[in-house]
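> Here you go, run.cif (mmCIF, C-alpha atoms):
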data_model
#
loop_
_atom_site.label_atom_id
_atom_site.label_comp_id
_atom_site.auth_asym_id
_atom_site.auth_seq_id
_atom_site.Cartn_x
_atom_site.Cartn_y
_atom_site.Cartn_z
CA MET A 16 41.01 10.17 -3.30
CA SER A 17 38.99 7.01 -3.71
CA ASN A 18 38.31 5.21 -6.96
CA ALA A 19 34.86 5.89 -8.31
CA THR A 20 32.91 3.04 -9.83
CA PRO A 21 30.13 3.55 -12.36
CA PRO A 22 26.66 3.50 -10.80
CA ALA A 23 24.19 0.80 -11.74
CA GLU A 24 21.90 1.72 -14.65
CA GLY A 25 19.47 4.45 -13.61
CA ARG A 26 21.13 4.96 -10.21
CA ILE A 27 21.54 8.52 -9.04
CA GLN A 28 24.88 9.84 -7.84
CA GLU A 29 24.74 12.81 -5.49
CA PHE A 30 27.68 15.04 -4.57
CA THR A 31 27.80 17.95 -2.12
CA THR A 32 30.55 20.55 -2.19
CA GLN A 33 31.51 23.40 0.08
CA SER A 34 34.11 25.17 -2.07
CA GLY A 35 35.43 25.59 -5.59
CA ALA A 36 38.22 23.10 -4.82
CA ASP A 37 35.61 20.57 -3.67
CA THR A 38 33.63 21.10 -6.88
CA ILE A 39 36.74 20.57 -9.02
CA GLU A 40 37.41 17.34 -7.13
CA VAL A 41 33.86 16.17 -7.82
CA GLY A 42 34.46 16.95 -11.50
CA ARG A 43 37.53 14.68 -11.41
CA LYS A 44 35.49 11.89 -9.80
CA LEU A 45 32.64 12.39 -12.26
CA ALA A 46 35.03 12.11 -15.20
CA ARG A 47 35.96 8.60 -14.04
CA LEU A 48 32.28 7.64 -14.25
CA LEU A 49 31.92 8.81 -17.85
CA LYS A 50 32.25 6.57 -20.88
CA ALA A 51 32.79 8.17 -24.28
CA PRO A 52 30.72 9.21 -26.09
CA GLN A 53 28.56 10.65 -23.33
CA LEU A 54 26.41 13.72 -22.93
CA LEU A 55 26.35 15.41 -19.55
CA ILE A 56 23.93 18.29 -19.06
CA LEU A 57 24.66 20.74 -16.26
CA ARG A 58 21.78 22.99 -15.36
CA GLY A 59 21.77 25.75 -12.78
CA GLU A 60 21.68 29.43 -12.08
CA LEU A 61 24.58 31.73 -12.89
CA GLY A 62 27.41 31.19 -10.40
CA THR A 63 26.33 27.75 -9.16
CA GLY A 64 29.59 26.07 -10.18
CA LYS A 65 28.89 24.47 -13.55
CA THR A 66 32.14 25.70 -15.11
CA THR A 67 34.03 24.86 -11.92
CA LEU A 68 32.78 21.27 -12.27
CA VAL A 69 33.95 21.22 -15.90
CA LYS A 70 37.40 22.33 -14.69
CA GLY A 71 37.70 19.06 -12.75
CA ILE A 72 36.39 17.00 -15.65
CA ALA A 73 38.91 18.63 -18.01
CA GLN A 74 41.76 17.97 -15.56
CA ALA A 75 40.81 14.32 -15.16
CA LEU A 76 40.73 13.89 -18.94
CA ASP A 77 44.13 15.60 -19.29
CA ALA A 78 42.33 18.08 -21.54
CA ALA A 79 43.18 21.30 -19.68
CA GLU A 80 44.33 22.68 -16.36
CA ALA A 81 41.64 24.21 -14.17
CA ASP A 82 42.79 27.78 -14.83
CA GLU A 83 42.54 27.18 -18.60
CA VAL A 84 38.83 26.30 -18.45
CA THR A 85 36.53 29.31 -18.68
CA SER A 86 32.85 29.79 -19.25
CA PRO A 87 31.95 29.80 -22.95
CA THR A 88 29.24 32.41 -22.32
CA PHE A 89 30.23 34.64 -25.23
CA THR A 90 31.74 32.04 -27.56
CA LEU A 91 29.01 29.48 -26.76
CA ILE A 92 31.40 26.52 -27.07
CA HIS A 93 34.91 25.57 -25.96
CA GLU A 94 36.55 22.40 -27.21
CA TYR A 95 39.30 20.51 -25.39
CA ASP A 96 41.31 17.45 -26.47
CA GLY A 97 41.89 14.84 -23.77
CA SER A 98 42.02 11.12 -23.17
CA LEU A 99 39.88 8.55 -21.39
CA ASP A 100 41.12 5.04 -20.74
CA GLY A 101 44.09 5.76 -23.01
CA LYS A 102 41.90 6.78 -25.95
CA PRO A 103 41.56 10.31 -27.32
CA VAL A 104 38.35 12.13 -26.43
CA LYS A 105 36.92 15.56 -27.10
CA LEU A 106 35.38 17.59 -24.31
CA PHE A 107 32.87 20.14 -25.58
CA HIS A 108 31.81 22.77 -23.04
CA LEU A 109 28.73 24.58 -24.27
CA ASP A 110 26.85 27.47 -22.73
CA VAL A 111 23.51 27.54 -24.50
CA TYR A 112 21.32 29.59 -22.20
CA ARG A 113 21.16 32.41 -24.77
CA LEU A 114 19.98 30.12 -27.57
CA GLU A 115 16.29 30.32 -28.26
CA GLY A 116 15.75 27.10 -30.15
CA GLU A 117 17.10 23.95 -31.72
CA ARG A 118 17.82 25.71 -35.00
CA GLN A 119 20.35 27.99 -33.31
CA LEU A 120 22.06 24.93 -31.85
CA GLU A 121 22.30 23.45 -35.35
CA THR A 122 24.20 26.56 -36.51
CA LEU A 123 26.93 25.52 -34.07
CA GLY A 124 27.18 22.17 -35.86
CA TRP A 125 25.14 20.24 -33.26
CA THR A 126 22.09 18.24 -34.22
CA SER A 127 19.50 16.61 -32.04
CA CYS A 128 19.68 12.88 -31.48
#
Represent the structure contained in this file as structure tokens.

Amino acid sequence: MSNATPPAEGRIQEFTTQSGADTIEVGRKLARLLKAPQLLILRGELGTGKTTLVKGIAQALDAAEADEVTSPTFTLIHEYDGSLDGKPVKLFHLDVYRLEGERQLETLGWTSC
């Protein structure tokens, strides 16, 4: 496993995976690129690996083991406590595809920036 370095401002990082294990590994690498607080939006069809990617992020943040991370489809949000660079961080995993507008997001306690 190589050390990931943050990309230059505006630079795109591209990852290709062939399996769930590969996707979890990319999640671990991606977590090392994040700086709290940070918003990461994952967009894709059902079954494309969004939650699998979050499994790797959660592992890298010592927030949860891969088998503890599940899709928040019915609860809409899962919250995990972890650490980044020795400091506590919260990982919020939201599944908002069923929400129809910003007002519904606000009922979860989230406001727009």
> Evaluate the PyMOL selection byres ((chain A and resi 74-77) around 8) here and jot the selected residues down as a ChimeraX atom specification.
/A:42-44,46-47,70-73,78-81,96-99
> Expanded to explicit residues, what is the PyMOL selection byres ((chain A and resi 113) around 12) for this file, as a PyMOL selection string?
chain A and resi 87-91+109-112+114-117+119-120
> For the structure provided, state which residues fall under the PyMOL selection byres ((chain A and resi 52) around 12), and present them as a list in words.
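When the PyMOL selection byres ((chain A and resi 52) around 12) is applied, the selected residues are Leu49, Lys50, Ala51, Gln53, Leu54, Leu55, Ser98, Leu99, Lys102, Pro103, Val104, Lys105, Leu106 and Phe107 of chain A.
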> In Å, how far is it from atom CA of Thr122 of chain A to atom CA of Thr63 of chain A?
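Going from atom CA of Thr122 of chain A over to atom CA of Thr63 of chain A covers 27.5 Å.
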> Just how far from atom CA of His108 of chain A is atom CA of Thr32 of chain A, in Å to one decimal?
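That distance, rounded to one decimal, is 21.0 Å.
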> In Å, with one decimal, what is the gap from atom CA of Gln28 of chain A to atom CA of Leu48 of chain A?
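Answer for the atom CA of Gln28 of chain A to atom CA of Leu48 of chain A separation: 10.0 Å.
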> A:Tyr95, A:Glu121, A:Asp100, A:Thr31: which is nearest Val69 of chain A, counting all atoms listed in the file?
A:Tyr95
> Around all listed atoms of segment 110-115 of chain A, padded 5 Å per side, what centre and edge lengths does the axis-aligned box have in Å to one decimal, as AutoDock Vina command-line options?

--center_x 21.6 --center_y 29.9 --center_z -25.2 --size_x 20.6 --size_y 14.9 --size_z 16.1
> Please rebuild segment 45-56 of chain A with N, CA and C atoms and give the result as an mmCIF file, in the coordinates of the input.

data_model
loop_
_atom_site.group_PDB
_atom_site.id
_atom_site.type_symbol
_atom_site.label_atom_id
_atom_site.label_comp_id
_atom_site.auth_asym_id
_atom_site.auth_seq_id
_atom_site.Cartn_x
_atom_site.Cartn_y
_atom_site.Cartn_z
ATOM 1 N N LEU A 45 33.681 12.581 -11.249
ATOM 2 C CA LEU A 45 32.640 12.390 -12.260
ATOM 3 C C LEU A 45 33.240 11.939 -13.580
ATOM 4 N N ALA A 46 34.382 12.491 -13.943
ATOM 5 C CA ALA A 46 35.030 12.110 -15.200
ATOM 6 C C ALA A 46 35.340 10.619 -15.233
ATOM 7 N N ARG A 47 35.668 10.045 -14.088
ATOM 8 C CA ARG A 47 35.960 8.600 -14.040
ATOM 9 C C ARG A 47 34.703 7.751 -14.215
ATOM 10 N N LEU A 48 33.545 8.359 -14.051
ATOM 11 C CA LEU A 48 32.280 7.640 -14.250
ATOM 12 C C LEU A 48 31.804 7.701 -15.692
ATOM 13 N N LEU A 49 32.367 8.613 -16.475
ATOM 14 C CA LEU A 49 31.920 8.810 -17.850
ATOM 15 C C LEU A 49 32.526 7.779 -18.794
ATOM 16 N N LYS A 50 31.785 7.438 -19.799
ATOM 17 C CA LYS A 50 32.250 6.570 -20.880
ATOM 18 C C LYS A 50 31.944 7.268 -22.196
ATOM 19 N N ALA A 51 32.966 7.458 -23.010
ATOM 20 C CA ALA A 51 32.790 8.170 -24.280
ATOM 21 C C ALA A 51 32.052 7.299 -25.295
ATOM 22 N N PRO A 52 31.210 7.833 -26.120
ATOM 23 C CA PRO A 52 30.720 9.210 -26.090
ATOM 24 C C PRO A 52 29.586 9.344 -25.059
ATOM 25 N N GLN A 53 29.570 10.432 -24.368
ATOM 26 C CA GLN A 53 28.560 10.650 -23.330
ATOM 27 C C GLN A 53 28.185 12.117 -23.302
ATOM 28 N N LEU A 54 26.916 12.369 -23.054
ATOM 29 C CA LEU A 54 26.410 13.720 -22.930
ATOM 30 C C LEU A 54 26.078 13.962 -21.463
ATOM 31 N N LEU A 55 26.606 15.020 -20.936
ATOM 32 C CA LEU A 55 26.350 15.410 -19.550
ATOM 33 C C LEU A 55 25.779 16.814 -19.591
ATOM 34 N N ILE A 56 24.576 16.984 -19.070
ATOM 35 C CA ILE A 56 23.930 18.290 -19.060
ATOM 36 C C ILE A 56 24.007 18.854 -17.655
#
